[in-house]
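Participant: protein.csv is reproduced in full below (CSV, C-alpha atoms).
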```
chain,number,residue,atom,x,y,z
A,18,MET,CA,97.1,177.0,114.9
A,19,SER,CA,100.6,176.7,116.3
A,20,GLU,CA,102.2,173.3,116.9
A,21,SER,CA,101.9,173.7,120.7
A,22,GLN,CA,98.1,174.1,120.4
A,23,ARG,CA,97.5,171.0,118.3
A,24,ALA,CA,96.1,167.8,119.8
A,25,TRP,CA,94.8,164.5,118.4
A,26,ILE,CA,92.5,161.7,119.4
A,27,ALA,CA,92.9,158.3,117.7
A,28,VAL,CA,90.5,155.4,118.1
A,29,GLU,CA,91.4,151.7,117.8
A,30,ASN,CA,89.1,151.4,114.7
A,31,GLY,CA,91.5,153.7,112.8
A,32,VAL,CA,89.7,157.1,113.1
A,33,VAL,CA,92.0,160.0,113.9
A,34,LEU,CA,90.7,163.5,114.6
A,35,GLU,CA,92.8,166.7,115.1
A,36,GLY,CA,91.7,169.4,117.5
A,37,ARG,CA,93.2,171.9,120.0
A,38,ALA,CA,95.0,171.1,123.3
A,39,ALA,CA,92.7,172.1,126.2
A,40,GLY,CA,94.6,170.8,129.2
A,41,ALA,CA,98.0,169.3,130.2
A,42,GLU,CA,100.6,168.4,127.6
A,43,GLY,CA,101.2,164.7,127.2
A,44,GLU,CA,99.4,161.5,126.1
A,45,ALA,CA,96.8,159.3,127.8
A,46,SER,CA,94.7,156.4,126.7
A,47,GLY,CA,91.7,154.3,127.9
A,48,ASP,CA,88.2,153.2,127.0
A,49,ILE,CA,86.3,156.1,125.5
A,50,VAL,CA,82.9,156.7,127.2
A,51,PHE,CA,80.5,159.5,126.4
A,52,ASN,CA,78.7,161.4,129.2
A,53,THR,CA,75.3,163.0,128.4
A,54,ALA,CA,75.2,165.4,131.4
A,55,MET,CA,75.0,169.1,130.5
A,56,THR,CA,76.8,170.2,133.7
A,57,GLY,CA,78.8,168.6,136.4
A,58,TYR,CA,82.1,168.2,134.5
A,59,HIS,CA,84.1,168.8,137.7
A,60,GLU,CA,82.3,166.1,139.6
A,61,ILE,CA,82.7,163.8,136.7
A,62,LEU,CA,86.4,164.4,136.4
A,63,THR,CA,87.0,163.7,140.1
A,64,ASP,CA,84.8,160.6,140.2
A,65,PRO,CA,87.2,157.6,140.8
A,66,SER,CA,84.8,155.5,138.7
A,67,TYR,CA,86.3,157.1,135.6
A,68,ALA,CA,89.7,155.6,136.2
A,69,GLY,CA,90.8,153.8,133.0
A,70,GLN,CA,88.5,155.8,130.8
A,71,VAL,CA,88.6,158.8,128.5
A,72,VAL,CA,85.6,161.0,129.0
A,73,LEU,CA,83.8,162.5,126.0
A,74,MET,CA,81.2,165.1,126.8
A,75,THR,CA,78.2,165.2,124.4
A,76,TYR,CA,77.0,168.6,125.4
A,77,PRO,CA,78.8,171.0,123.0
A,78,LEU,CA,80.0,173.7,125.5
A,79,ILE,CA,81.9,172.7,128.6
A,80,GLY,CA,83.6,174.9,131.2
A,81,ASN,CA,81.3,177.9,131.2
A,82,TYR,CA,81.1,178.1,135.0
A,83,GLY,CA,84.7,177.2,135.7
A,84,VAL,CA,85.7,175.0,138.6
A,85,ALA,CA,84.7,175.3,142.3
A,86,GLU,CA,86.8,173.1,144.5
A,87,GLU,CA,84.0,172.5,147.0
A,88,ASP,CA,82.3,170.4,144.2
A,89,ALA,CA,85.1,167.9,143.9
A,90,GLU,CA,84.0,164.3,144.6
A,91,SER,CA,87.6,163.2,145.5
A,92,ALA,CA,91.0,164.6,146.1
A,93,ARG,CA,92.2,164.4,142.5
A,94,ALA,CA,91.2,163.9,138.9
A,95,TRP,CA,90.7,160.3,137.8
A,96,ALA,CA,89.6,160.5,134.1
A,97,GLU,CA,92.5,159.5,131.9
A,98,ALA,CA,91.7,162.3,129.4
A,99,PHE,CA,88.9,164.7,128.5
A,100,VAL,CA,87.3,165.4,125.2
A,101,MET,CA,85.0,168.3,124.3
A,102,ARG,CA,83.5,170.0,121.3
A,103,GLU,CA,84.3,173.5,122.7
A,104,MET,CA,85.8,174.7,126.0
A,105,ALA,CA,84.6,178.0,127.4
A,106,THR,CA,87.5,180.4,127.9
A,107,ARG,CA,86.0,182.6,130.6
A,108,PRO,CA,84.2,181.1,133.6
A,109,SER,CA,81.1,183.2,134.5
A,110,SER,CA,80.2,181.9,138.0
A,111,PHE,CA,81.0,183.7,141.2
A,112,ARG,CA,81.8,180.3,142.8
A,113,ALA,CA,84.6,179.6,140.4
A,114,ASP,CA,88.1,179.1,141.9
A,115,SER,CA,89.7,178.7,138.4
A,116,SER,CA,88.9,178.1,134.8
A,117,LEU,CA,88.5,174.5,133.6
A,118,ARG,CA,91.6,174.8,131.4
A,119,ASP,CA,93.8,175.9,134.3
A,120,TRP,CA,92.4,173.1,136.5
A,121,LEU,CA,93.1,170.5,133.9
A,122,VAL,CA,96.7,171.7,133.4
A,123,GLU,CA,97.3,171.8,137.2
A,124,ARG,CA,95.9,168.3,137.6
A,125,GLY,CA,97.8,166.9,134.7
A,126,VAL,CA,94.8,165.9,132.7
A,127,VAL,CA,95.3,165.7,128.9
A,128,ALA,CA,92.4,167.3,127.1
A,129,ILE,CA,91.3,168.1,123.6
A,130,GLU,CA,88.6,170.4,122.1
A,131,GLY,CA,87.5,171.3,118.6
A,132,VAL,CA,86.7,167.7,117.5
A,133,ASP,CA,83.5,166.3,116.3
A,134,THR,CA,82.1,164.8,119.5
A,135,ARG,CA,78.9,163.9,117.8
A,136,ARG,CA,80.8,161.6,115.4
A,137,LEU,CA,82.7,160.0,118.2
A,138,THR,CA,79.5,159.5,120.2
A,139,ARG,CA,77.7,157.9,117.3
A,140,MET,CA,80.7,155.7,116.6
A,141,THR,CA,80.8,154.4,120.2
A,142,ARG,CA,77.0,153.7,120.1
A,143,THR,CA,77.4,151.8,116.9
A,144,GLU,CA,80.6,149.9,117.4
A,145,GLY,CA,80.6,149.5,121.2
A,146,SER,CA,83.4,150.0,123.7
A,147,LEU,CA,86.5,151.3,122.0
A,148,ARG,CA,90.0,152.2,123.2
A,149,CYS,CA,91.5,155.5,122.3
A,150,VAL,CA,94.5,157.7,122.9
A,151,VAL,CA,94.6,161.5,123.3
A,152,SER,CA,97.9,163.2,122.6
A,153,THR,CA,99.5,166.6,122.3
A,154,GLU,CA,102.8,165.1,121.3
A,155,ASP,CA,102.3,162.6,118.5
A,156,GLY,CA,100.6,163.8,115.3
A,157,ASP,CA,101.3,160.6,113.3
A,158,ALA,CA,98.0,158.8,112.5
A,159,ASP,CA,99.5,155.4,112.2
A,160,SER,CA,101.5,155.7,115.4
A,161,LEU,CA,98.5,157.0,117.3
A,162,VAL,CA,96.2,154.2,116.1
A,163,ALA,CA,98.8,151.6,117.1
A,164,LYS,CA,99.0,153.1,120.6
A,165,ALA,CA,95.2,153.0,120.9
A,166,ARG,CA,95.1,149.4,119.9
A,167,ALA,CA,97.9,148.6,122.4
A,168,SER,CA,96.3,150.4,125.3
A,169,ARG,CA,94.6,148.6,128.2
A,170,SER,CA,90.8,148.3,128.3
A,171,THR,CA,88.9,148.0,131.6
A,172,ASP,CA,88.0,144.4,130.9
A,173,GLY,CA,89.4,142.1,133.6
A,174,ARG,CA,91.0,144.9,135.6
A,175,ASP,CA,90.7,145.3,139.3
A,176,LEU,CA,90.8,149.1,139.2
A,177,ALA,CA,89.1,149.4,142.5
A,178,SER,CA,92.4,148.4,144.2
A,179,GLU,CA,94.2,151.2,142.4
A,180,VAL,CA,91.8,154.0,143.4
A,181,THR,CA,90.9,152.9,147.0
A,182,CYS,CA,92.2,154.7,150.1
A,183,GLY,CA,95.5,153.8,151.7
A,184,GLY,CA,93.9,153.0,155.1
A,185,ALA,CA,90.8,153.2,157.2
A,186,TYR,CA,89.5,156.6,158.3
A,187,THR,CA,86.3,158.2,159.6
A,188,TRP,CA,84.1,160.7,157.7
A,189,GLU,CA,82.0,163.2,159.7
A,190,SER,CA,81.0,165.9,157.2
A,191,ASP,CA,77.3,166.4,156.4
A,192,PHE,CA,75.9,168.4,153.5
A,193,ASP,CA,77.0,172.0,153.1
A,194,ALA,CA,74.2,174.4,154.0
A,195,SER,CA,74.0,175.5,150.4
A,196,TYR,CA,73.7,172.0,148.9
A,197,PRO,CA,70.3,171.1,147.5
A,198,HIS,CA,69.0,167.7,148.8
A,199,ARG,CA,65.8,165.8,149.5
A,200,LEU,CA,66.9,163.9,152.6
A,201,GLY,CA,64.9,164.9,155.6
A,202,GLU,CA,66.5,165.3,159.1
A,203,ALA,CA,66.8,161.7,160.4
A,204,SER,CA,66.1,161.1,164.1
A,205,GLY,CA,67.0,158.4,166.5
A,206,GLU,CA,70.3,156.8,167.5
A,207,ARG,CA,73.2,157.0,165.2
A,208,ILE,CA,74.2,153.8,163.3
A,209,SER,CA,77.7,152.5,163.0
A,210,CYS,CA,78.5,151.8,159.4
A,211,VAL,CA,81.6,150.5,157.6
A,212,ALA,CA,81.9,151.8,154.0
A,213,TYR,CA,84.1,149.9,151.5
A,214,ASP,CA,86.0,152.3,149.3
A,215,PHE,CA,86.0,150.9,145.7
A,216,GLY,CA,86.2,154.5,144.4
A,217,LEU,CA,84.0,156.3,146.9
A,218,LYS,CA,82.5,159.7,146.1
A,219,ARG,CA,82.3,162.3,148.8
A,220,ASN,CA,78.6,163.0,148.4
A,221,ILE,CA,77.8,159.3,149.2
A,222,LEU,CA,79.6,159.9,152.5
A,223,ARG,CA,77.7,163.1,153.1
A,224,SER,CA,74.4,161.3,152.4
A,225,LEU,CA,75.2,158.6,154.9
A,226,VAL,CA,76.2,161.0,157.6
A,227,HIS,CA,73.1,163.1,157.0
A,228,SER,CA,71.1,159.9,157.5
A,229,ARG,CA,72.7,159.5,160.9
A,230,PHE,CA,75.3,156.9,160.1
A,231,ASP,CA,78.7,157.1,161.8
A,232,VAL,CA,80.9,156.1,158.9
A,233,THR,CA,84.3,154.4,158.9
A,234,VAL,CA,85.8,154.0,155.4
A,235,VAL,CA,88.0,151.0,154.7
A,236,PRO,CA,90.1,150.0,151.7
A,237,ALA,CA,88.7,147.8,148.9
A,238,HIS,CA,90.8,144.8,150.0
A,239,THR,CA,89.7,144.8,153.7
A,240,PRO,CA,88.8,141.2,154.8
A,241,ALA,CA,85.4,140.5,156.4
A,242,ASP,CA,86.9,139.7,159.8
A,243,GLU,CA,88.5,143.1,160.0
A,244,VAL,CA,85.1,144.7,159.2
A,245,LEU,CA,83.3,142.6,161.7
A,246,ALA,CA,85.9,143.4,164.4
A,247,ARG,CA,84.6,147.0,164.2
A,248,ASP,CA,81.1,145.7,165.2
A,249,PRO,CA,79.2,147.7,162.6
A,250,GLU,CA,75.4,147.7,162.4
A,251,ALA,CA,75.6,148.2,158.6
A,252,VAL,CA,78.0,147.9,155.7
A,253,PHE,CA,78.0,150.0,152.6
A,254,LEU,CA,79.6,149.0,149.2
A,255,SER,CA,80.6,152.0,147.1
A,256,ASN,CA,80.9,152.8,143.4
A,257,GLY,CA,84.1,152.3,141.6
A,258,PRO,CA,85.8,151.6,138.2
A,259,GLY,CA,86.7,148.5,136.3
A,260,ASP,CA,85.4,144.9,136.0
A,261,PRO,CA,83.5,143.8,139.0
A,262,SER,CA,84.4,140.1,138.5
A,263,ALA,CA,88.1,141.0,138.9
A,264,VAL,CA,87.7,142.6,142.4
A,265,THR,CA,88.1,139.1,144.0
A,266,PRO,CA,89.2,140.3,147.5
A,267,ALA,CA,86.0,142.3,147.8
A,268,ILE,CA,83.9,139.4,146.5
A,269,ASP,CA,85.4,137.1,149.1
A,270,ALA,CA,84.8,139.7,151.8
A,271,VAL,CA,81.2,140.4,150.9
A,272,ALA,CA,80.5,136.7,150.7
A,273,ASN,CA,81.4,136.5,154.4
A,274,LEU,CA,79.3,139.5,155.3
A,275,VAL,CA,75.9,139.1,153.5
A,276,ASP,CA,74.4,136.9,156.3
A,277,ARG,CA,76.0,138.9,159.1
A,278,VAL,CA,75.0,142.5,158.7
A,279,PRO,CA,72.6,144.7,156.6
A,280,ILE,CA,74.3,145.8,153.3
A,281,PHE,CA,73.6,148.6,150.8
A,282,GLY,CA,75.6,148.7,147.5
A,283,ILE,CA,75.8,151.3,144.8
A,284,CYS,CA,77.2,150.8,141.2
A,285,LEU,CA,80.3,148.6,141.5
A,286,GLY,CA,79.1,147.7,145.0
A,287,HIS,CA,75.8,146.6,143.5
A,288,GLN,CA,77.6,144.4,140.9
A,289,ILE,CA,79.9,142.8,143.5
A,290,LEU,CA,76.9,142.1,145.8
A,291,SER,CA,75.0,140.6,142.9
A,292,ILE,CA,78.0,138.3,142.0
A,293,VAL,CA,78.2,137.1,145.6
A,294,LEU,CA,74.5,136.3,145.6
A,295,GLY,CA,74.7,134.2,142.4
A,296,ALA,CA,74.2,136.6,139.4
A,297,ARG,CA,76.6,137.4,136.6
A,298,THR,CA,77.9,140.6,135.2
A,299,ALA,CA,79.0,141.6,131.6
A,300,LYS,CA,80.5,144.6,129.9
A,301,MET,CA,77.9,146.8,128.1
A,302,PRO,CA,78.3,147.9,124.5
A,303,PHE,CA,78.8,151.5,125.6
A,304,GLY,CA,77.7,151.8,129.2
A,305,HIS,CA,75.5,154.4,130.9
A,306,HIS,CA,77.2,157.7,131.7
A,307,GLY,CA,75.1,160.8,132.4
A,308,ALA,CA,72.6,162.5,134.5
A,309,ASN,CA,69.4,161.8,132.7
A,310,HIS,CA,68.7,158.1,132.7
A,311,PRO,CA,65.0,157.0,133.5
A,312,VAL,CA,64.6,154.2,136.0
A,313,ARG,CA,61.4,152.6,137.2
A,314,ASP,CA,61.0,151.6,140.8
A,315,ILE,CA,59.0,148.3,140.3
A,316,GLN,CA,57.5,148.3,143.7
A,317,THR,CA,56.0,151.9,143.6
A,318,GLY,CA,55.8,152.3,139.8
A,319,LYS,CA,57.5,155.7,140.2
A,320,VAL,CA,60.0,156.8,137.5
A,321,GLU,CA,63.2,158.4,138.7
A,322,ILE,CA,65.6,160.4,136.6
A,323,THR,CA,69.0,159.1,137.7
A,324,SER,CA,72.7,159.8,137.5
A,325,GLN,CA,74.7,156.9,136.2
A,326,ASN,CA,78.3,155.9,135.4
A,327,HIS,CA,79.0,152.3,134.7
A,328,SER,CA,80.4,150.2,131.8
A,329,PHE,CA,79.4,146.8,133.3
A,330,ALA,CA,76.0,145.6,134.3
A,331,VAL,CA,74.2,142.6,136.1
A,332,GLU,CA,72.7,140.3,133.5
A,333,LEU,CA,68.9,140.1,134.1
A,334,GLU,CA,68.6,136.5,133.1
A,335,SER,CA,71.2,135.5,135.6
A,336,LEU,CA,69.3,136.7,138.7
A,337,PRO,CA,68.8,133.7,141.1
A,338,ASP,CA,65.5,133.0,142.7
A,339,GLU,CA,66.7,134.6,146.0
A,340,LEU,CA,67.2,138.0,144.3
A,341,GLU,CA,64.2,140.2,143.5
A,342,LEU,CA,64.5,142.8,140.7
A,343,THR,CA,63.6,146.2,142.2
A,344,HIS,CA,64.6,148.8,139.6
A,345,LEU,CA,64.7,148.7,135.8
A,346,ASN,CA,66.2,150.9,133.2
A,347,LEU,CA,63.5,152.3,130.9
A,348,ASN,CA,66.0,152.9,128.0
A,349,ASP,CA,67.3,149.4,127.5
A,350,GLY,CA,65.8,147.2,130.2
A,351,THR,CA,68.9,146.6,132.1
A,352,VAL,CA,69.0,145.8,135.8
A,353,GLU,CA,69.1,148.9,138.0
A,354,GLY,CA,68.4,147.4,141.5
A,355,VAL,CA,68.0,144.2,143.4
A,356,ARG,CA,67.2,143.0,146.9
A,357,HIS,CA,67.5,139.7,148.7
A,358,LYS,CA,64.2,138.1,149.5
A,359,ARG,CA,65.3,136.9,152.9
A,360,LEU,CA,68.5,138.8,154.0
A,361,PRO,CA,68.6,142.6,154.7
A,362,VAL,CA,70.7,143.5,151.7
A,363,PHE,CA,69.9,145.6,148.6
A,364,SER,CA,71.7,147.5,145.9
A,365,VAL,CA,71.2,149.9,142.9
A,366,GLN,CA,73.2,150.3,139.8
A,367,TYR,CA,72.8,154.1,139.6
A,368,HIS,CA,73.9,157.0,141.9
A,369,PRO,CA,71.2,158.2,144.4
A,370,GLU,CA,73.8,160.7,145.8
A,371,ALA,CA,73.9,162.3,142.3
A,372,ALA,CA,76.7,164.9,142.2
A,373,PRO,CA,76.2,165.6,139.4
A,374,GLY,CA,72.7,164.9,138.6
A,375,PRO,CA,69.1,164.8,139.9
A,376,ILE,CA,68.2,163.9,143.5
A,377,ASP,CA,65.1,161.8,142.8
A,378,SER,CA,66.7,158.7,144.4
A,379,ALA,CA,68.0,160.2,147.6
A,380,TYR,CA,65.3,158.2,149.5
A,381,LEU,CA,67.4,155.1,149.2
A,382,PHE,CA,69.7,156.3,152.0
A,383,GLU,CA,66.6,156.6,154.2
A,384,ARG,CA,65.5,153.1,153.1
A,385,PHE,CA,68.9,151.8,154.2
A,386,ARG,CA,68.5,153.4,157.6
A,387,ASP,CA,65.0,152.0,157.9
A,388,LEU,CA,66.3,148.5,157.0
A,389,VAL,CA,69.0,148.7,159.6
A,390,GLU,CA,66.7,149.9,162.3
A,391,ALA,CA,64.3,147.1,161.6
A,392,GLN,CA,67.0,144.6,162.5
A,393,ARG,CA,67.3,146.2,165.9
A,394,VAL,CA,63.8,145.1,166.9
```
What is this file in structure tokens?

Facilitator:
Amino acid sequence: MSESQRAWIAVENGVVLEGRAAGAEGEASGDIVFNTAMTGYHEILTDPSYAGQVVLMTYPLIGNYGVAEEDAESARAWAEAFVMREMATRPSSFRADSSLRDWLVERGVVAIEGVDTRRLTRMTRTEGSLRCVVSTEDGDADSLVAKARASRSTDGRDLASEVTCGGAYTWESDFDASYPHRLGEASGERISCVAYDFGLKRNILRSLVHSRFDVTVVPAHTPADEVLARDPEAVFLSNGPGDPSAVTPAIDAVANLVDRVPIFGICLGHQILSIVLGARTAKMPFGHHGANHPVRDIQTGKVEITSQNHSFAVELESLPDELELTHLNLNDGTVEGVRHKRLPVFSVQYHPEAAPGPIDSAYLFERFRDLVEAQRV
């Protein structure tokens, strides 16, 4: 292997592995998180929730269908770096606009293949959240470990303010005709909705529009009075990266919205809403990242297979009396959904819009619409 093809990943615990460069040249660091999805790497890489994190794919072969730009969940790549066991060299899908390697190079994403991803996954599961650095420039083990230890973790970071939009805008696009979804055709008047962008994914916006919401997206730091000045019938709180307790502008805003307008929150939005309503959040040992997490709807007893991407979670024992637990993770018993017993607000930790992942939970967008319509009566 030539010097230009070599790459290294170093973990703060001292482990250093050598592999092959699979993306842009350079060096990047962050919290290492493993994702258990077998497909959907493009959507994962373009999900703003991965800001501050190095994504490790557990499935051993990545890139076999290339990259189709229509699948992007935002306008750019957000993962700090990308780690794979093996990258496919020739995409085999008629939809592909480019190979994964070319896309990573073009987007400036440092990537490595040819390393023992199973070892790194087991390490993360055993030792918890770890920082790491991926480099194509520095092959010195001591230097790399020192860089990993000096890198910033996601603890205490308001990353939502770093990934949010620069200003308010409207979104009108529905699902593409070829996109598989379970949402029926909604009827009735359209509903005005303000969506907070903490790291918003495009398929969330498509799901809202399909459910007959007229969506205006606002930045993460937008005060409540600016939202209320738009006279919305509903407010949506999006997914996003980082520590929810650090997103203080959003916490302040939501605190002034909860008793004024129906609210639906997903992922980071769920955590922020829970904090406002009196619960606590904490960083998980290694988080939930993947497209195959079982969740039980406590009201119906139905089990949904869900798409998830979060390193923080709401602490079950911290839920106040006013919050009812609605969804529970069947792997580890963590909180997956809550609703207020009196106010028209609810939230889930997982991703009902999927992209990537199963579409078992799409009904939640219909539930949001029903909740808002009930307030009109």

Participant: Taking only residues of segment 249-333 of chain A that have an atom at most 12 Å from an atom of segment 143-147 of chain A, what is each one's shortest atom pair and its distance in Å to one decimal, using all atoms listed in the file, in chain and number order, as a tab-separated table?

Facilitator:
```
residue	atom	partner	partner_atom	distance
A:Lys300	CA	A:Ser146	CA	8.7
A:Met301	CA	A:Ser146	CA	7.7
A:Pro302	CA	A:Gly145	CA	4.3
A:Phe303	CA	A:Gly145	CA	5.2
A:Gly304	CA	A:Ser146	CA	8.1
A:His305	CA	A:Ser146	CA	11.6
A:Ser328	CA	A:Ser146	CA	8.6
A:Phe329	CA	A:Ser146	CA	10.9
```

Participant: Find, counting all atoms listed in the file, the residue in A:Ile208, A:Cys284, A:Val162, A:Ala105 that gets nearest to His368 of chain A.

Facilitator: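 With all atoms listed in the file as the atom set, the closest residue is A:Cys284.
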
Participant: Which neighbours of Glu250 of chain A fall inside 9 Å, counting all atoms listed in the file, when residues of the same chain fewer than 6 positions from it are skipped, and could you give them as a list of chain:residue names?

Facilitator: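 Answer for this query is A:Ile208, A:Ser209, A:Cys210, A:Val211, A:Val278, A:Pro279, A:Val389, A:Glu390, A:Gln392, A:Arg393.
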
Participant: For Phe51 of chain A, list every protein, DNA or RNA residue within 10 Å, evaluated using only C-alpha atoms, and leave out those in the same chain fewer than 5 positions away; present the list as a list in words.

Facilitator: Gln70, Val71, Val72, Leu73, Met74, Thr75, Tyr76, Val100, Thr134, Arg135, Leu137, Thr138, Arg139, Thr141, Arg142, Phe303, Gly304, His305, His306, Gly307 and Asn326 of chain A

Participant: Interatomic distance between atom CA of Ser91 of chain A and atom CA of Ala212 of chain A?

Facilitator: 15.3 Å

Participant: Between atom CA of Lys218 of chain A and atom CA of Asp64 of chain A, what distance in Å does the model show, to one decimal?

Facilitator: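 Distance reported for this atom pair: 6.4 Å.
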
Participant: Contacts of Leu336 of chain A at 12 Å or less, counting all atoms listed in the file, minus same-chain residues fewer than 3 places along, as a VMD selection string?

Facilitator: chain A and resid 288 290 to 298 330 to 333 339 to 343 351 to 352 354 to 357

Participant: Near Ile268 of chain A, within 10 Å and counting all atoms listed in the file, which residues show up once chain neighbours fewer than 3 positions away are dropped, as a ChimeraX atom specification?

Facilitator: /A:237-238,240,261-265,271-274,286,288-294

Participant: With C-alpha atoms retained, export the selected residues as a PDB file, in the frame of the given file.

Facilitator:
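Ended up saving to again_34.pdb:
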```
ATOM      1  CA  ALA A 237      88.700 147.800 148.900  1.00  0.00           C
ATOM      2  CA  HIS A 238      90.800 144.800 150.000  1.00  0.00           C
ATOM      3  CA  PRO A 240      88.800 141.200 154.800  1.00  0.00           C
ATOM      4  CA  PRO A 261      83.500 143.800 139.000  1.00  0.00           C
ATOM      5  CA  SER A 262      84.400 140.100 138.500  1.00  0.00           C
ATOM      6  CA  ALA A 263      88.100 141.000 138.900  1.00  0.00           C
ATOM      7  CA  VAL A 264      87.700 142.600 142.400  1.00  0.00           C
ATOM      8  CA  THR A 265      88.100 139.100 144.000  1.00  0.00           C
ATOM      9  CA  VAL A 271      81.200 140.400 150.900  1.00  0.00           C
ATOM     10  CA  ALA A 272      80.500 136.700 150.700  1.00  0.00           C
ATOM     11  CA  ASN A 273      81.400 136.500 154.400  1.00  0.00           C
ATOM     12  CA  LEU A 274      79.300 139.500 155.300  1.00  0.00           C
ATOM     13  CA  GLY A 286      79.100 147.700 145.000  1.00  0.00           C
ATOM     14  CA  GLN A 288      77.600 144.400 140.900  1.00  0.00           C
ATOM     15  CA  ILE A 289      79.900 142.800 143.500  1.00  0.00           C
ATOM     16  CA  LEU A 290      76.900 142.100 145.800  1.00  0.00           C
ATOM     17  CA  SER A 291      75.000 140.600 142.900  1.00  0.00           C
ATOM     18  CA  ILE A 292      78.000 138.300 142.000  1.00  0.00           C
ATOM     19  CA  VAL A 293      78.200 137.100 145.600  1.00  0.00           C
ATOM     20  CA  LEU A 294      74.500 136.300 145.600  1.00  0.00           C
TER      21      LEU A 294
END
```

Participant: Looking at only C-alpha atoms, which of A:Arg37, A:Thr181, A:Met101, A:Gly43 is the one that sits closest to Met55 of chain A?

Facilitator: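 Closest residue, counting only C-alpha atoms: A:Met101.
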
Participant: Nearest residue to Val127 of chain A out of A:Ile26, A:Glu44, A:Ile61, A:Thr56, using only C-alpha atoms?

Facilitator: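 The answer is A:Glu44, which sits nearest to Val127 of chain A.
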
Participant: Would you work out the distance separating atom CA of Ala185 of chain A from atom CA of Asp242 of chain A, expressed in Å to one decimal?

Facilitator: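 Straight-line distance from atom CA of Ala185 of chain A to atom CA of Asp242 of chain A works out to 14.3 Å.
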
Participant: Pick from A:Thr187, A:Thr323, A:Ser178, A:Asn220: nearest to Pro266 of chain A, with all atoms listed in the file counted?

Facilitator: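 Of all the options, A:Ser178 lies closest to Pro266 of chain A.
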
Participant: Leaving out Asp191 of chain A and any residue of its chain fewer than 4 positions from it, which residues lie within 12 Å of it when counting all atoms listed in the file, given as a VMD selection string?

Facilitator: chain A and resid 195 to 196 198 200 202 219 to 232

Participant: Counting only C-alpha atoms, which of A:Glu334, A:Glu179, A:Asp133, A:Glu35 gets nearest to Glu103 of chain A?

Facilitator: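 Residue with the minimum atom-to-atom distance to Glu103 of chain A: A:Asp133.
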
Participant: Given the choices A:Glu370, A:Glu29, A:Glu130, A:Asp175, which gets closest to Leu217 of chain A if the distance is worked out from only C-alpha atoms?

Facilitator: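 Going through A:Glu370, A:Glu29, A:Glu130, A:Asp175 one by one, the smallest distance to Leu217 of chain A is for A:Glu370.
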
Participant: Enumerate, as a PDB file with C-alpha atoms, keeping the file's coordinate frame, the protein, DNA and RNA residues whose atoms approach (85.7, 151.5, 156.5) to within 10 Å, taking into account only C-alpha atoms and the coordinate frame of the file.

Facilitator:
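Dumped everything to part_12.pdb:
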```
ATOM      1  CA  CYS A 182      92.200 154.700 150.100  1.00  0.00           C
ATOM      2  CA  GLY A 184      93.900 153.000 155.100  1.00  0.00           C
ATOM      3  CA  ALA A 185      90.800 153.200 157.200  1.00  0.00           C
ATOM      4  CA  TYR A 186      89.500 156.600 158.300  1.00  0.00           C
ATOM      5  CA  THR A 187      86.300 158.200 159.600  1.00  0.00           C
ATOM      6  CA  TRP A 188      84.100 160.700 157.700  1.00  0.00           C
ATOM      7  CA  CYS A 210      78.500 151.800 159.400  1.00  0.00           C
ATOM      8  CA  VAL A 211      81.600 150.500 157.600  1.00  0.00           C
ATOM      9  CA  ALA A 212      81.900 151.800 154.000  1.00  0.00           C
ATOM     10  CA  TYR A 213      84.100 149.900 151.500  1.00  0.00           C
ATOM     11  CA  ASP A 214      86.000 152.300 149.300  1.00  0.00           C
ATOM     12  CA  VAL A 232      80.900 156.100 158.900  1.00  0.00           C
ATOM     13  CA  THR A 233      84.300 154.400 158.900  1.00  0.00           C
ATOM     14  CA  VAL A 234      85.800 154.000 155.400  1.00  0.00           C
ATOM     15  CA  VAL A 235      88.000 151.000 154.700  1.00  0.00           C
ATOM     16  CA  PRO A 236      90.100 150.000 151.700  1.00  0.00           C
ATOM     17  CA  ALA A 237      88.700 147.800 148.900  1.00  0.00           C
ATOM     18  CA  THR A 239      89.700 144.800 153.700  1.00  0.00           C
ATOM     19  CA  GLU A 243      88.500 143.100 160.000  1.00  0.00           C
ATOM     20  CA  VAL A 244      85.100 144.700 159.200  1.00  0.00           C
ATOM     21  CA  ARG A 247      84.600 147.000 164.200  1.00  0.00           C
ATOM     22  CA  PRO A 249      79.200 147.700 162.600  1.00  0.00           C
ATOM     23  CA  VAL A 252      78.000 147.900 155.700  1.00  0.00           C
ATOM     24  CA  PHE A 253      78.000 150.000 152.600  1.00  0.00           C
ATOM     25  CA  LEU A 254      79.600 149.000 149.200  1.00  0.00           C
TER      26      LEU A 254
END
```

Participant: Write a file for segment 256-260 of chain A of the given structure; include N, CA and C atoms and format it as a short mmCIF file (atom, residue, chain, number, x, y, z; two decimals), in the first residue's frame.

Facilitator:
```
data_model
loop_
_atom_site.label_atom_id
_atom_site.label_comp_id
_atom_site.auth_asym_id
_atom_site.auth_seq_id
_atom_site.Cartn_x
_atom_site.Cartn_y
_atom_site.Cartn_z
N ASN A 256 -35.17 17.17 14.90
CA ASN A 256 -33.98 16.46 15.33
C ASN A 256 -32.77 17.40 15.28
N GLY A 257 -31.65 16.93 15.80
CA GLY A 257 -30.42 17.72 15.74
C GLY A 257 -29.33 17.10 16.59
N PRO A 258 -28.11 17.63 16.49
CA PRO A 258 -26.96 17.05 17.20
C PRO A 258 -26.72 17.70 18.56
N GLY A 259 -25.82 17.09 19.32
CA GLY A 259 -25.30 17.71 20.53
C GLY A 259 -26.12 17.47 21.78
N ASP A 260 -25.78 18.22 22.81
CA ASP A 260 -26.34 18.09 24.14
C ASP A 260 -27.59 18.95 24.25
#
```
